[in-house]
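Containing mmCIF, C-alpha atoms: entry-v9.cif.
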data_my_file
loop_
_atom_site.label_atom_id
_atom_site.label_comp_id
_atom_site.auth_asym_id
_atom_site.auth_seq_id
_atom_site.Cartn_x
_atom_site.Cartn_y
_atom_site.Cartn_z
CA MET A 265 103.58 92.70 31.33
CA SER A 266 101.69 91.29 28.37
CA LYS A 267 98.09 92.13 27.57
CA TYR A 268 95.28 89.72 26.83
CA HIS A 269 92.84 90.16 23.98
CA VAL A 270 89.28 89.44 25.04
CA THR A 271 86.10 89.32 22.96
CA THR A 272 82.86 89.76 24.85
CA THR A 273 79.26 90.78 24.36
CA ILE A 274 78.31 93.76 26.51
CA ASN A 275 74.65 94.78 26.57
CA GLY A 276 74.13 92.97 23.28
CA ASP A 277 77.05 94.54 21.41
CA GLU A 278 80.27 92.75 20.58
CA VAL A 279 83.05 94.46 22.52
CA ASP A 280 86.74 93.65 22.19
CA PHE A 281 89.21 94.84 24.75
CA THR A 282 92.75 94.19 25.85
CA CYS A 283 93.67 93.98 29.50
CA TYR A 284 96.42 92.99 31.89
CA ALA A 285 96.10 89.76 33.86
CA ASP A 286 95.44 91.60 37.11
CA GLN A 287 92.78 93.96 35.74
CA THR A 288 89.29 93.33 37.06
CA LEU A 289 86.14 93.59 34.99
CA LEU A 290 85.30 96.67 37.05
CA GLU A 291 88.56 98.35 36.03
CA VAL A 292 88.09 97.37 32.38
CA LEU A 293 84.55 98.75 32.31
CA ARG A 294 85.27 102.04 34.07
CA GLU A 295 88.81 102.87 32.98
CA ASP A 296 89.17 101.35 29.53
CA LEU A 297 85.64 101.18 28.14
CA ASN A 298 84.43 104.40 29.79
CA MET A 299 81.36 102.60 31.09
CA THR A 300 81.22 104.36 34.44
CA GLY A 301 77.66 103.35 35.28
CA THR A 302 79.12 100.41 37.20
CA LYS A 303 80.30 101.86 40.50
CA ASN A 304 83.38 101.10 42.55
CA GLY A 305 82.53 100.79 46.23
CA CYS A 306 84.69 98.52 48.35
CA GLY A 307 86.68 96.61 45.73
CA SER A 308 86.45 93.46 47.83
CA GLY A 309 83.05 91.96 47.08
CA ASP A 310 81.37 93.27 50.21
CA CYS A 311 79.20 96.14 49.01
CA GLY A 312 77.68 95.02 45.71
CA ALA A 313 77.96 98.48 44.08
CA CYS A 314 79.72 96.96 41.06
CA THR A 315 77.17 94.17 40.52
CA VAL A 316 76.87 93.25 36.84
CA ILE A 317 75.45 90.15 35.19
CA VAL A 318 77.91 87.75 33.56
CA ASN A 319 76.53 84.79 31.62
CA GLY A 320 73.19 85.20 33.36
CA ARG A 321 74.54 85.37 36.91
CA PRO A 322 74.94 88.48 39.06
CA VAL A 323 78.55 88.91 40.17
CA ASN A 324 80.74 91.59 41.71
CA ALA A 325 82.72 93.07 38.81
CA CYS A 326 85.58 93.78 41.24
CA LEU A 327 85.98 90.03 41.79
CA VAL A 328 86.13 89.01 38.13
CA LEU A 329 89.22 89.31 35.95
CA GLY A 330 88.91 90.78 32.48
CA ALA A 331 91.23 88.10 31.10
CA GLU A 332 88.84 85.29 31.95
CA LEU A 333 85.89 86.77 30.05
CA ASP A 334 86.61 85.70 26.47
CA GLY A 335 83.23 84.74 25.01
CA ALA A 336 81.28 86.04 28.02
CA ASN A 337 77.94 87.80 27.87
CA ILE A 338 77.97 90.84 30.17
CA GLU A 339 75.02 93.01 31.17
CA THR A 340 75.64 96.36 32.87
CA ILE A 341 73.42 99.22 33.98
CA GLU A 342 74.02 100.99 30.65
CA GLY A 343 71.96 98.28 28.96
CA MET A 344 69.05 98.29 31.35
CA SER A 345 66.76 100.88 29.79
CA THR A 346 65.44 100.57 26.26
CA GLY A 347 66.56 103.86 24.75
CA THR A 348 64.94 106.51 26.89
CA GLU A 349 62.35 104.10 28.25
CA LEU A 350 63.34 103.07 31.74
CA HIS A 351 63.21 99.47 32.92
CA PRO A 352 60.29 99.00 35.36
CA LEU A 353 62.82 98.58 38.19
CA GLN A 354 64.45 101.90 37.33
CA GLN A 355 61.06 103.64 37.19
CA LYS A 356 59.97 102.15 40.52
CA PHE A 357 63.23 103.21 42.18
CA LEU A 358 62.36 106.76 41.11
CA ASP A 359 58.70 106.47 42.14
CA HIS A 360 59.60 105.13 45.60
CA ALA A 361 62.56 107.50 46.06
CA ALA A 362 64.69 104.40 46.56
CA LEU A 363 67.94 106.27 46.04
CA GLN A 364 69.77 109.31 47.29
CA CYS A 365 73.41 109.53 46.29
CA GLY A 366 72.98 106.78 43.71
CA ILE A 367 76.30 105.02 44.08
CA CYS A 368 74.69 101.75 45.17
CA THR A 369 71.79 102.00 42.73
CA PRO A 370 73.24 100.32 39.59
CA GLY A 371 74.27 97.35 41.71
CA PHE A 372 70.87 97.11 43.39
CA LEU A 373 69.11 97.36 40.03
CA ASN A 374 71.19 94.60 38.45
CA MET A 375 70.78 92.36 41.47
CA ALA A 376 67.03 92.96 41.51
CA LYS A 377 66.83 92.31 37.77
CA ALA A 378 68.65 88.99 38.20
CA LEU A 379 66.34 88.07 41.08
CA LEU A 380 63.15 88.82 39.15
CA GLU A 381 64.33 86.84 36.14
CA LYS A 382 64.78 83.81 38.38
CA ASN A 383 61.84 84.48 40.69
CA PRO A 384 59.15 86.81 39.26
CA GLU A 385 57.08 86.69 42.44
CA PRO A 386 59.48 87.01 45.38
CA THR A 387 58.34 87.50 48.95
CA GLU A 388 59.69 90.45 50.89
CA THR A 389 62.03 88.08 52.74
CA GLU A 390 63.33 86.67 49.47
CA VAL A 391 63.98 90.20 48.18
CA ARG A 392 65.85 91.10 51.36
CA TYR A 393 68.01 87.97 51.20
CA ALA A 394 68.74 88.46 47.49
CA LEU A 395 69.83 92.04 48.17
CA ALA A 396 71.90 91.10 51.23
CA GLY A 397 75.11 91.57 49.22
CA ASN A 398 74.25 95.18 48.32
CA LEU A 399 74.90 97.96 50.79
CA CYS A 400 73.15 101.33 50.80
CA ARG A 401 74.34 103.95 53.27
CA CYS A 402 71.80 106.72 52.67
CA THR A 403 68.26 105.81 51.64
CA GLY A 404 67.77 102.76 53.79
CA TYR A 405 66.64 99.45 52.50
CA ASP A 406 62.91 99.72 53.02
CA LYS A 407 62.24 101.93 50.00
CA ILE A 408 64.47 99.75 47.86
CA VAL A 409 62.66 96.58 48.89
CA ARG A 410 59.28 98.23 48.22
CA ALA A 411 60.43 99.43 44.81
CA VAL A 412 61.54 95.91 43.87
CA LEU A 413 58.29 94.34 45.05
CA ASP A 414 56.26 96.97 43.18
CA ALA A 415 58.31 96.50 39.99
CA ALA A 416 57.87 92.72 40.27
CA ALA A 417 54.09 93.16 40.51
CA GLU A 418 54.04 95.48 37.50
CA MET A 419 56.26 93.18 35.44
CA ARG A 420 54.00 90.22 36.23
CA GLU A 421 50.96 92.20 35.09
CA SER A 422 52.56 93.27 31.85
CA THR A 423 53.57 89.72 30.95
CA SER A 424 50.24 88.09 31.91
CA MET B 144 101.56 88.49 36.16
CA ARG B 145 100.54 85.93 33.55
CA TYR B 146 97.08 84.48 33.14
CA GLU B 147 96.70 80.95 31.80
CA ALA B 148 93.54 78.93 31.31
CA PRO B 149 94.55 75.36 30.44
CA GLU B 150 91.90 72.94 29.23
CA THR B 151 93.37 69.74 30.62
CA ILE B 152 94.56 68.57 34.02
CA GLU B 153 97.95 67.66 32.52
CA ALA B 154 98.44 71.15 31.11
CA ALA B 155 97.49 72.75 34.46
CA VAL B 156 99.92 70.51 36.36
CA ALA B 157 102.70 71.28 33.88
CA LEU B 158 102.15 75.04 34.24
CA LEU B 159 102.02 74.86 38.03
CA ALA B 160 105.06 72.59 38.29
CA ALA B 161 107.13 74.79 35.97
CA ALA B 162 106.19 78.02 37.72
CA GLY B 163 106.81 76.71 41.23
CA LYS B 164 105.62 78.76 44.17
CA THR B 165 104.92 81.89 42.13
CA ALA B 166 101.86 80.33 40.46
CA ARG B 167 98.43 80.26 42.05
CA VAL B 168 95.42 78.18 41.10
CA PHE B 169 92.54 80.46 40.18
CA ALA B 170 88.88 79.41 40.24
CA GLY B 171 86.16 81.80 41.47
CA GLY B 172 88.69 84.43 42.51
CA THR B 173 86.63 85.75 45.42
CA ASP B 174 89.53 85.29 47.82
CA LEU B 175 92.47 85.42 45.41
CA ILE B 176 91.61 88.70 43.63
CA ILE B 177 91.27 90.47 46.98
CA GLN B 178 94.64 89.10 48.13
CA ILE B 179 96.27 90.29 44.90
CA LYS B 180 94.66 93.74 45.02
CA GLU B 181 95.60 94.20 48.67
CA GLU B 182 99.14 93.09 47.80
CA MET B 183 99.06 90.27 50.32
CA ILE B 184 100.36 88.01 47.53
CA GLU B 185 102.15 88.73 44.27
CA PRO B 186 101.74 85.69 42.04
CA GLY B 187 103.73 85.48 38.82
CA MET B 188 101.00 83.43 37.21
CA LEU B 189 97.35 82.59 37.68
CA VAL B 190 96.28 79.18 36.43
CA ASP B 191 92.54 79.40 35.84
CA ILE B 192 91.14 75.87 36.16
CA LYS B 193 87.58 76.64 35.07
CA LYS B 194 88.15 75.40 31.52
CA ILE B 195 89.13 71.95 32.79
CA LYS B 196 86.04 69.80 32.37
CA GLU B 197 86.72 67.59 35.40
CA THR B 198 86.69 70.61 37.73
CA ARG B 199 83.32 71.84 36.42
CA GLU B 200 81.23 68.66 36.66
CA VAL B 201 79.00 67.16 39.30
CA ILE B 202 78.81 63.42 38.61
CA LEU B 203 76.24 61.36 40.47
CA ASP B 204 77.17 57.69 39.95
CA ASP B 205 75.57 54.70 41.64
CA ASP B 206 78.29 54.37 44.23
CA GLU B 207 80.15 57.64 44.08
CA ILE B 208 79.47 61.36 43.87
CA ARG B 209 82.07 63.70 42.40
CA ILE B 210 81.90 67.46 42.83
CA GLY B 211 84.31 69.41 40.61
CA ALA B 212 86.55 71.84 42.47
CA SER B 213 85.45 74.84 40.39
CA VAL B 214 81.70 74.28 40.70
CA THR B 215 80.19 77.41 42.23
CA GLY B 216 77.92 77.70 45.23
CA ALA B 217 75.06 78.86 43.02
CA GLU B 218 75.47 75.81 40.77
CA LEU B 219 75.54 73.42 43.73
CA GLY B 220 72.39 75.06 45.12
CA GLU B 221 70.59 74.47 41.83
CA ASN B 222 71.53 70.77 41.76
CA LYS B 223 68.41 69.24 43.30
CA GLU B 224 69.69 65.69 43.28
CA LEU B 225 72.93 66.59 45.03
CA LYS B 226 70.98 68.65 47.54
CA LYS B 227 68.87 65.61 48.33
CA LEU B 228 71.93 63.40 48.86
CA PHE B 229 74.09 65.90 50.79
CA PRO B 230 71.88 68.75 52.01
CA GLY B 231 74.45 69.63 54.68
CA VAL B 232 77.30 70.02 52.20
CA VAL B 233 75.20 72.11 49.82
CA GLU B 234 73.81 74.29 52.62
CA ALA B 235 77.31 74.90 53.93
CA VAL B 236 78.59 76.05 50.54
CA GLN B 237 75.50 78.21 50.06
CA LEU B 238 76.23 80.09 53.30
CA ILE B 239 79.36 81.59 51.77
CA GLY B 240 78.85 85.26 50.93
CA SER B 241 76.15 87.05 48.98
CA ASP B 242 74.35 85.81 45.87
CA GLN B 243 76.96 87.70 43.84
CA VAL B 244 79.74 85.81 45.61
CA GLN B 245 77.79 82.54 45.21
CA GLY B 246 77.89 83.05 41.44
CA ARG B 247 81.69 82.93 41.54
CA ALA B 248 82.95 81.26 44.73
CA THR B 249 83.75 77.59 44.31
CA ILE B 250 83.76 74.64 46.68
CA GLY B 251 87.41 73.94 45.84
CA GLY B 252 88.36 77.54 46.45
CA ASN B 253 86.65 77.61 49.81
CA PHE B 254 88.64 74.53 50.75
CA CYS B 255 91.97 75.69 49.28
CA ASN B 256 91.80 79.15 50.84
CA ALA B 257 92.23 77.10 54.01
CA SER B 258 90.44 79.46 56.36
CA PRO B 259 89.74 77.79 59.72
CA ALA B 260 86.22 79.24 59.42
CA ALA B 261 85.50 77.97 55.87
CA ASP B 262 81.89 76.80 55.91
CA SER B 263 82.23 73.96 53.41
CA VAL B 264 85.03 72.20 55.26
CA PRO B 265 83.30 70.79 58.38
CA ALA B 266 80.45 69.61 56.15
CA LEU B 267 82.86 67.89 53.75
CA ILE B 268 84.74 66.25 56.63
CA ALA B 269 81.51 65.06 58.25
CA SER B 270 80.35 63.50 54.98
CA GLY B 271 83.66 61.67 54.56
CA ALA B 272 84.74 63.58 51.45
CA LYS B 273 88.01 62.76 49.76
CA ALA B 274 89.90 65.23 47.61
CA VAL B 275 91.12 64.11 44.20
CA VAL B 276 94.55 65.70 43.86
CA ALA B 277 96.39 65.85 40.53
CA GLY B 278 100.13 66.47 40.40
CA PRO B 279 103.35 65.79 38.56
CA ASN B 280 103.36 62.20 39.86
CA GLY B 281 99.79 61.44 38.83
CA THR B 282 96.55 61.55 40.79
CA ARG B 283 96.04 60.71 44.45
CA THR B 284 93.06 60.86 46.78
CA ALA B 285 93.21 62.03 50.37
CA ALA B 286 90.65 62.48 53.12
CA VAL B 287 89.95 66.22 53.17
CA GLU B 288 90.84 66.54 56.86
CA ASP B 289 94.29 65.07 56.15
CA LEU B 290 95.09 67.95 53.77
CA LEU B 291 94.52 70.67 56.37
CA ILE B 292 97.69 71.92 58.03
CA LYS B 293 97.14 75.41 59.40
CA PRO B 294 95.36 78.65 58.46
CA GLY B 295 96.08 79.35 54.79
CA GLN B 296 98.02 76.17 54.20
CA LEU B 297 97.19 72.74 52.78
CA SER B 298 99.34 69.66 52.44
CA LEU B 299 99.80 69.92 48.67
CA ALA B 300 103.15 69.41 46.92
CA PRO B 301 104.41 71.87 44.28
CA GLY B 302 102.45 71.35 41.06
CA GLU B 303 99.52 69.70 42.83
CA LEU B 304 95.95 70.94 42.60
CA ILE B 305 92.55 69.70 43.73
CA ILE B 306 90.38 68.52 40.84
CA SER B 307 87.27 67.35 42.66
CA PHE B 308 85.77 66.04 45.87
CA CYS B 309 84.62 62.47 46.02
CA LEU B 310 81.83 61.26 48.30
CA SER B 311 80.36 57.77 48.70
CA ARG B 312 76.67 57.61 47.83
CA PRO B 313 75.03 57.74 51.27
CA PRO B 314 73.64 54.43 52.55
CA LYS B 315 69.94 54.21 53.43
CA ASN B 316 68.95 56.20 56.52
CA THR B 317 71.81 58.67 56.22
CA GLY B 318 71.47 62.39 56.75
CA ASP B 319 73.85 65.32 57.02
CA ALA B 320 73.59 68.91 58.24
CA TYR B 321 75.71 71.99 58.75
CA LEU B 322 75.04 74.91 61.07
CA ARG B 323 77.09 77.95 61.82
CA PHE B 324 76.81 80.64 64.43
CA ILE B 325 77.11 84.26 63.33
CA PRO B 326 75.77 87.27 65.22
CA ARG B 327 73.55 88.30 62.30
CA SER B 328 71.34 86.45 59.83
CA GLU B 329 73.50 86.62 56.67
CA MET B 330 76.80 87.73 55.22
CA ASP B 331 79.30 86.93 57.93
CA ILE B 332 82.14 84.57 58.77
CA ALA B 333 81.48 81.61 61.06
CA VAL B 334 82.19 82.12 64.76
CA VAL B 335 81.61 78.39 65.09
CA GLY B 336 80.55 75.87 62.42
CA ALA B 337 79.36 72.30 62.96
CA GLY B 338 78.89 69.61 60.32
CA VAL B 339 77.32 66.25 61.09
CA SER B 340 76.59 63.09 59.12
CA VAL B 341 74.74 60.15 60.67
CA THR B 342 73.56 56.77 59.43
CA LEU B 343 70.88 54.94 61.41
CA ASN B 344 70.25 51.22 61.94
CA PRO B 345 66.82 49.76 61.09
CA ASP B 346 65.98 49.92 64.83
CA GLY B 347 66.63 53.68 64.82
CA THR B 348 69.94 53.60 66.68
CA CYS B 349 73.10 55.16 65.33
CA ALA B 350 75.10 53.01 62.88
CA ALA B 351 77.72 55.61 61.88
CA ALA B 352 78.42 59.21 62.78
CA ARG B 353 80.92 61.89 61.92
CA VAL B 354 80.94 65.30 63.58
CA ALA B 355 83.30 68.09 62.50
CA LEU B 356 83.80 71.64 63.76
CA GLY B 357 85.01 74.82 62.08
CA ALA B 358 86.37 78.14 63.38
CA VAL B 359 87.33 76.66 66.75
CA ALA B 360 90.90 75.54 65.97
CA PRO B 361 93.66 76.33 63.44
CA THR B 362 91.91 73.95 61.03
CA ALA B 363 88.48 72.34 60.90
CA ARG B 364 88.49 69.32 63.16
CA LEU B 365 86.80 65.96 63.40
CA VAL B 366 85.31 65.24 66.84
CA GLU B 367 87.17 61.97 67.29
CA GLN B 368 85.06 60.74 70.22
CA ALA B 369 81.72 61.19 68.45
CA PRO B 370 81.42 57.60 67.15
CA ASP B 371 82.18 56.18 70.63
CA ILE B 372 79.43 58.31 72.11
CA LEU B 373 76.84 57.72 69.40
CA LEU B 374 77.19 54.22 67.94
CA GLY B 375 74.32 51.93 68.93
CA LYS B 376 72.58 54.76 70.76
CA GLU B 377 69.39 56.70 70.34
CA LEU B 378 69.55 60.46 70.49
CA ASP B 379 68.55 61.13 74.10
CA GLU B 380 69.52 63.94 76.46
CA ARG B 381 72.42 62.01 77.97
CA VAL B 382 73.95 61.22 74.57
CA LEU B 383 73.51 64.84 73.50
CA ALA B 384 75.22 66.08 76.67
CA GLU B 385 78.15 63.72 76.03
CA LEU B 386 78.39 64.88 72.42
CA ALA B 387 78.33 68.53 73.48
CA ALA B 388 81.13 67.88 75.97
CA ALA B 389 83.20 66.03 73.35
CA ALA B 390 82.66 68.83 70.82
CA SER B 391 83.73 71.47 73.34
CA ALA B 392 86.77 69.38 74.29
CA THR B 393 87.82 69.28 70.62
CA CYS B 394 88.02 73.09 70.47
CA GLN B 395 91.27 75.01 70.55
CA PRO B 396 89.99 78.41 69.52
CA ILE B 397 91.34 81.95 69.60
CA ASN B 398 89.87 85.12 71.04
CA ASP B 399 89.00 87.59 68.31
CA LYS B 400 86.41 90.20 67.45
CA ARG B 401 83.94 87.48 66.47
CA GLY B 402 84.04 85.52 69.71
CA THR B 403 85.98 84.60 72.82
CA ILE B 404 87.59 81.24 73.53
CA LYS B 405 84.97 80.54 76.18
CA PHE B 406 82.06 81.48 73.94
CA ARG B 407 83.30 79.47 70.97
CA THR B 408 83.97 76.41 73.12
CA SER B 409 80.49 76.53 74.58
CA VAL B 410 78.72 77.25 71.28
CA ALA B 411 80.55 74.35 69.58
CA GLY B 412 78.77 71.94 71.91
CA VAL B 413 75.40 73.59 71.34
CA LEU B 414 75.77 73.67 67.56
CA ALA B 415 76.97 70.06 67.33
CA CYS B 416 73.79 69.00 69.15
CA ARG B 417 71.52 71.15 67.01
CA ALA B 418 73.17 69.92 63.82
CA ILE B 419 72.94 66.26 64.80
CA LYS B 420 69.22 66.64 65.50
CA ILE B 421 68.70 67.92 61.94
CA ALA B 422 70.94 65.24 60.43
CA TRP B 423 69.16 62.55 62.47
CA GLU B 424 65.73 63.71 61.32
CA ARG B 425 66.92 63.66 57.71
CA ALA B 426 68.40 60.17 58.21
CA GLU B 427 65.05 58.90 59.50
CA LYS B 428 63.36 60.09 56.32
CA ASN B 429 65.96 58.81 53.85
#
The structure given in the file should be rewritten as structure tokens.
Amino acid sequence: MSKYHVTTTINGDEVDFTCYADQTLLEVLREDLNMTGTKNGCGSGDCGACTVIVNGRPVNACLVLGAELDGANIETIEGMSTGTELHPLQQKFLDHAALQCGICTPGFLNMAKALLEKNPEPTETEVRYALAGNLCRCTGYDKIVRAVLDAAAEMRESTS
Amino acid sequence: MRYEAPETIEAAVALLAAAGKTARVFAGGTDLIIQIKEEMIEPGMLVDIKKIKETREVILDDDEIRIGASVTGAELGENKELKKLFPGVVEAVQLIGSDQVQGRATIGGNFCNASPAADSVPALIASGAKAVVAGPNGTRTAAVEDLLIKPGQLSLAPGELIISFCLSRPPKNTGDAYLRFIPRSEMDIAVVGAGVSVTLNPDGTCAAARVALGAVAPTARLVEQAPDILLGKELDERVLAELAAAASATCQPINDKRGTIKFRTSVAGVLACRAIKIAWERAEKN
């Protein structure tokens, strides 16, 4: 089976990789690029644990092929903080104890980041709908929703 | 497996025709990648059609609307003008999956996956959509309902692929709507889906109507009797009862974990009536 050479930008850096036609972005990230921050949950687009942002849109990395990403701009959890300074969403997840085992957290954070870029002042209902494709089996959603709303408020303050 | 991403329709057709049954058309991948990973299918080649301009465009001409097959749900939802013309079609596509899935899943893929419960299909049928099909013998158009054969199968010849969906610009006082029943508020597969498009006369009676149902038969189905019941009529209780009966009579559902035959048959009538009320209200305002 032949391999495909793909040039992408991941978290601002140019990253080249080669992959087989049936390799997903999730597999490329975790197995070839050693970027294990993106988690593998269901592998079928149901749980949202592998949510990353491709060309500005949140997607399930398990439902994207590596081979189709030539020229794509990819954002993963590894690029969310600025050095050691956490993104407001990351800090608020800590403050609100919006995680336990942490497997779902990178996906929730990316999804919430994509939501707040599109809608800086979401209602609670909008947050819940936007996060409907992300499953958490330990903390419960309430703390996550509160963390996102709190981060949104803080991010609005800091930009105003 | 090979991966190809042709930039023209001709190149895609040539690849598909040469590869025969082992090639699969690839767009958003939200169904196909799962089928590959679960070893339900083993394609020798994926032909990614997202680099073909005609599959990526939404063209709003004076008389005709064209929606490219590989336009995603998220993109359709952001197209305000299309949403104004065909709110039912756009709402139906936007019901598919999470926001992550919306960023990838395409209207053509939802159609070509040929699930009886596909949300976009009753809405496309109700709005009179035609599929533009390219193949080794050139391009043809076909009413979308005529391409549906059975679960997982469309009436496409080897080498053929769907490029876009074509809709007539709605006449004045036309409205469409799509509703589905699921036992939760989001993230589920239709137990019943109902798409409706109506056009009203200046006196407020029905000038044209199409009603289609999903998830209640091996393919989405047009309610053939709907025009007979509705044309020239106002939307009163008697007309609604007749429509509900006709919708239920169109059903040929299965029992499964999502719903029983009896439940689906009954809900089809209820949903058709609820959807036509929304479509009618929209038609009055357009």
Would you mind listing what lies within 7 Å of stretch 321-333 of chain A as number ranges by chain, with all atoms listed in the file counted and same-chain residues fewer than 5 positions away left out?
A: 268, 270, 272, 283, 285-290, 292, 307-309, 312, 314-316, 375, 378; B: 172-173, 176, 243-244, 246-247
Considering all atoms listed in the file, can you say which of B:Ser213, B:Thr282, B:Asn222, B:Ser328 comes closest to chain A?
B:Ser328
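Within the file as shown, the PyMOL selection byres ((chain B and resi 147) around 8) identifies B:Arg145, B:Tyr146, B:Ala148, B:Pro149, B:Met188, B:Leu189, B:Val190, B:Asp191.
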Selection file, C-alpha atoms, as a PDB file, in the frame of the given file:
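Final output, part_25.pdb:
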ATOM      1  CA  ARG B 145     100.540  85.930  33.550  1.00  0.00           C
ATOM      2  CA  TYR B 146      97.080  84.480  33.140  1.00  0.00           C
ATOM      3  CA  ALA B 148      93.540  78.930  31.310  1.00  0.00           C
ATOM      4  CA  PRO B 149      94.550  75.360  30.440  1.00  0.00           C
ATOM      5  CA  MET B 188     101.000  83.430  37.210  1.00  0.00           C
ATOM      6  CA  LEU B 189      97.350  82.590  37.680  1.00  0.00           C
ATOM      7  CA  VAL B 190      96.280  79.180  36.430  1.00  0.00           C
ATOM      8  CA  ASP B 191      92.540  79.400  35.840  1.00  0.00           C
TER       9      ASP B 191
END
Stretch 297-305 of chain A: which residues within 7 Å, counting all atoms listed in the file, same-chain residues fewer than 6 positions away excluded, as a count of residues only?
8
Matched chain/residue IDs from the PyMOL selection byres ((chain B and resi 228) around 12), as JSON, numbers by chain:
{"B": [203, 204, 205, 206, 207, 208, 219, 222, 223, 224, 225, 226, 227, 229, 230, 231, 232, 233, 234, 270, 310, 311, 312, 313, 314, 315, 316, 317, 318, 319, 320, 340, 422, 425, 426, 428, 429]}
Please evaluate the PyMOL selection byres ((chain A and resi 397-410) around 9) against the displayed coordinates and give the resulting residues as a PyMOL selection string.
(chain A and resi 309-313+315+356-357+360-369+371-372+375+388+391-396+411-415) or (chain B and resi 240-244+330)
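The list of residues with at least one atom within 12 Å of A:Ser422, based on all atoms listed in the file and without residues fewer than 5 positions apart in the same chain, reads A:Pro352, A:Pro384, A:Ala415, A:Ala416, A:Ala417.
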Taking (87.2, 64.5, 63.5) as a centre in this file's frame and 10 Å as the limit, can you find every polymer residue with an atom that close, using all atoms listed in the file, and give them as a PyMOL selection string?
chain B and resi 265+268-269+288+353-356+363-370+390+393
Would you give the centre and edge lengths, in Å to one decimal, of a box along x, y and z around the listed atoms of stretch 283-295 of chain A, with 8 Å added to each side, as AutoDock Vina command-line options?
--center_x 90.5 --center_y 96.3 --center_z 33.3 --size_x 27.9 --size_y 29.1 --size_z 23.6
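Across the structure, atom CA of B:Gly211 and atom CA of B:Val276 are spaced 11.4 Å apart.
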Got a sec: who's within 6 Å of B:Ala212, counting all atoms listed in the file, leaving out chain neighbours fewer than 4 positions off, as a ChimeraX atom specification?
/B:198,250-251,306-307
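Across the structure, atom CA of B:Leu291 and atom CA of B:Glu153 are spaced 24.3 Å apart.
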Would you fill out stretch 390-403 of chain A with N, CA and C atoms and return it as a tab-separated table (two decimals), keeping the file's coordinate frame?
chain	number	residue	atom	x	y	z
A	390	GLU	N	62.46	87.09	50.57
A	390	GLU	CA	63.33	86.67	49.47
A	390	GLU	C	64.06	87.87	48.84
A	391	VAL	N	63.35	88.99	48.72
A	391	VAL	CA	63.98	90.20	48.18
A	391	VAL	C	65.11	90.64	49.11
A	392	ARG	N	64.83	90.64	50.40
A	392	ARG	CA	65.85	91.10	51.36
A	392	ARG	C	67.07	90.20	51.34
A	393	TYR	N	66.86	88.88	51.26
A	393	TYR	CA	68.01	87.97	51.20
A	393	TYR	C	68.78	88.16	49.90
A	394	ALA	N	68.06	88.31	48.78
A	394	ALA	CA	68.74	88.46	47.49
A	394	ALA	C	69.57	89.74	47.45
A	395	LEU	N	69.12	90.76	48.17
A	395	LEU	CA	69.83	92.04	48.17
A	395	LEU	C	70.81	92.17	49.34
A	396	ALA	N	71.04	91.05	50.04
A	396	ALA	CA	71.90	91.10	51.23
A	396	ALA	C	73.35	91.47	50.88
A	397	GLY	N	73.74	91.25	49.63
A	397	GLY	CA	75.11	91.57	49.22
A	397	GLY	C	75.24	92.97	48.64
A	398	ASN	N	74.21	93.79	48.80
A	398	ASN	CA	74.25	95.18	48.32
A	398	ASN	C	74.05	96.12	49.50
A	399	LEU	N	74.99	97.02	49.67
A	399	LEU	CA	74.90	97.96	50.79
A	399	LEU	C	74.46	99.34	50.28
A	400	CYS	N	73.55	99.95	51.05
A	400	CYS	CA	73.15	101.33	50.80
A	400	CYS	C	73.37	102.08	52.10
A	401	ARG	N	74.06	103.22	52.03
A	401	ARG	CA	74.34	103.95	53.27
A	401	ARG	C	73.52	105.22	53.39
A	402	CYS	N	72.60	105.51	52.45
A	402	CYS	CA	71.80	106.72	52.67
A	402	CYS	C	70.29	106.50	52.69
A	403	THR	N	69.73	105.87	51.69
A	403	THR	CA	68.26	105.81	51.64
A	403	THR	C	67.67	104.89	52.69
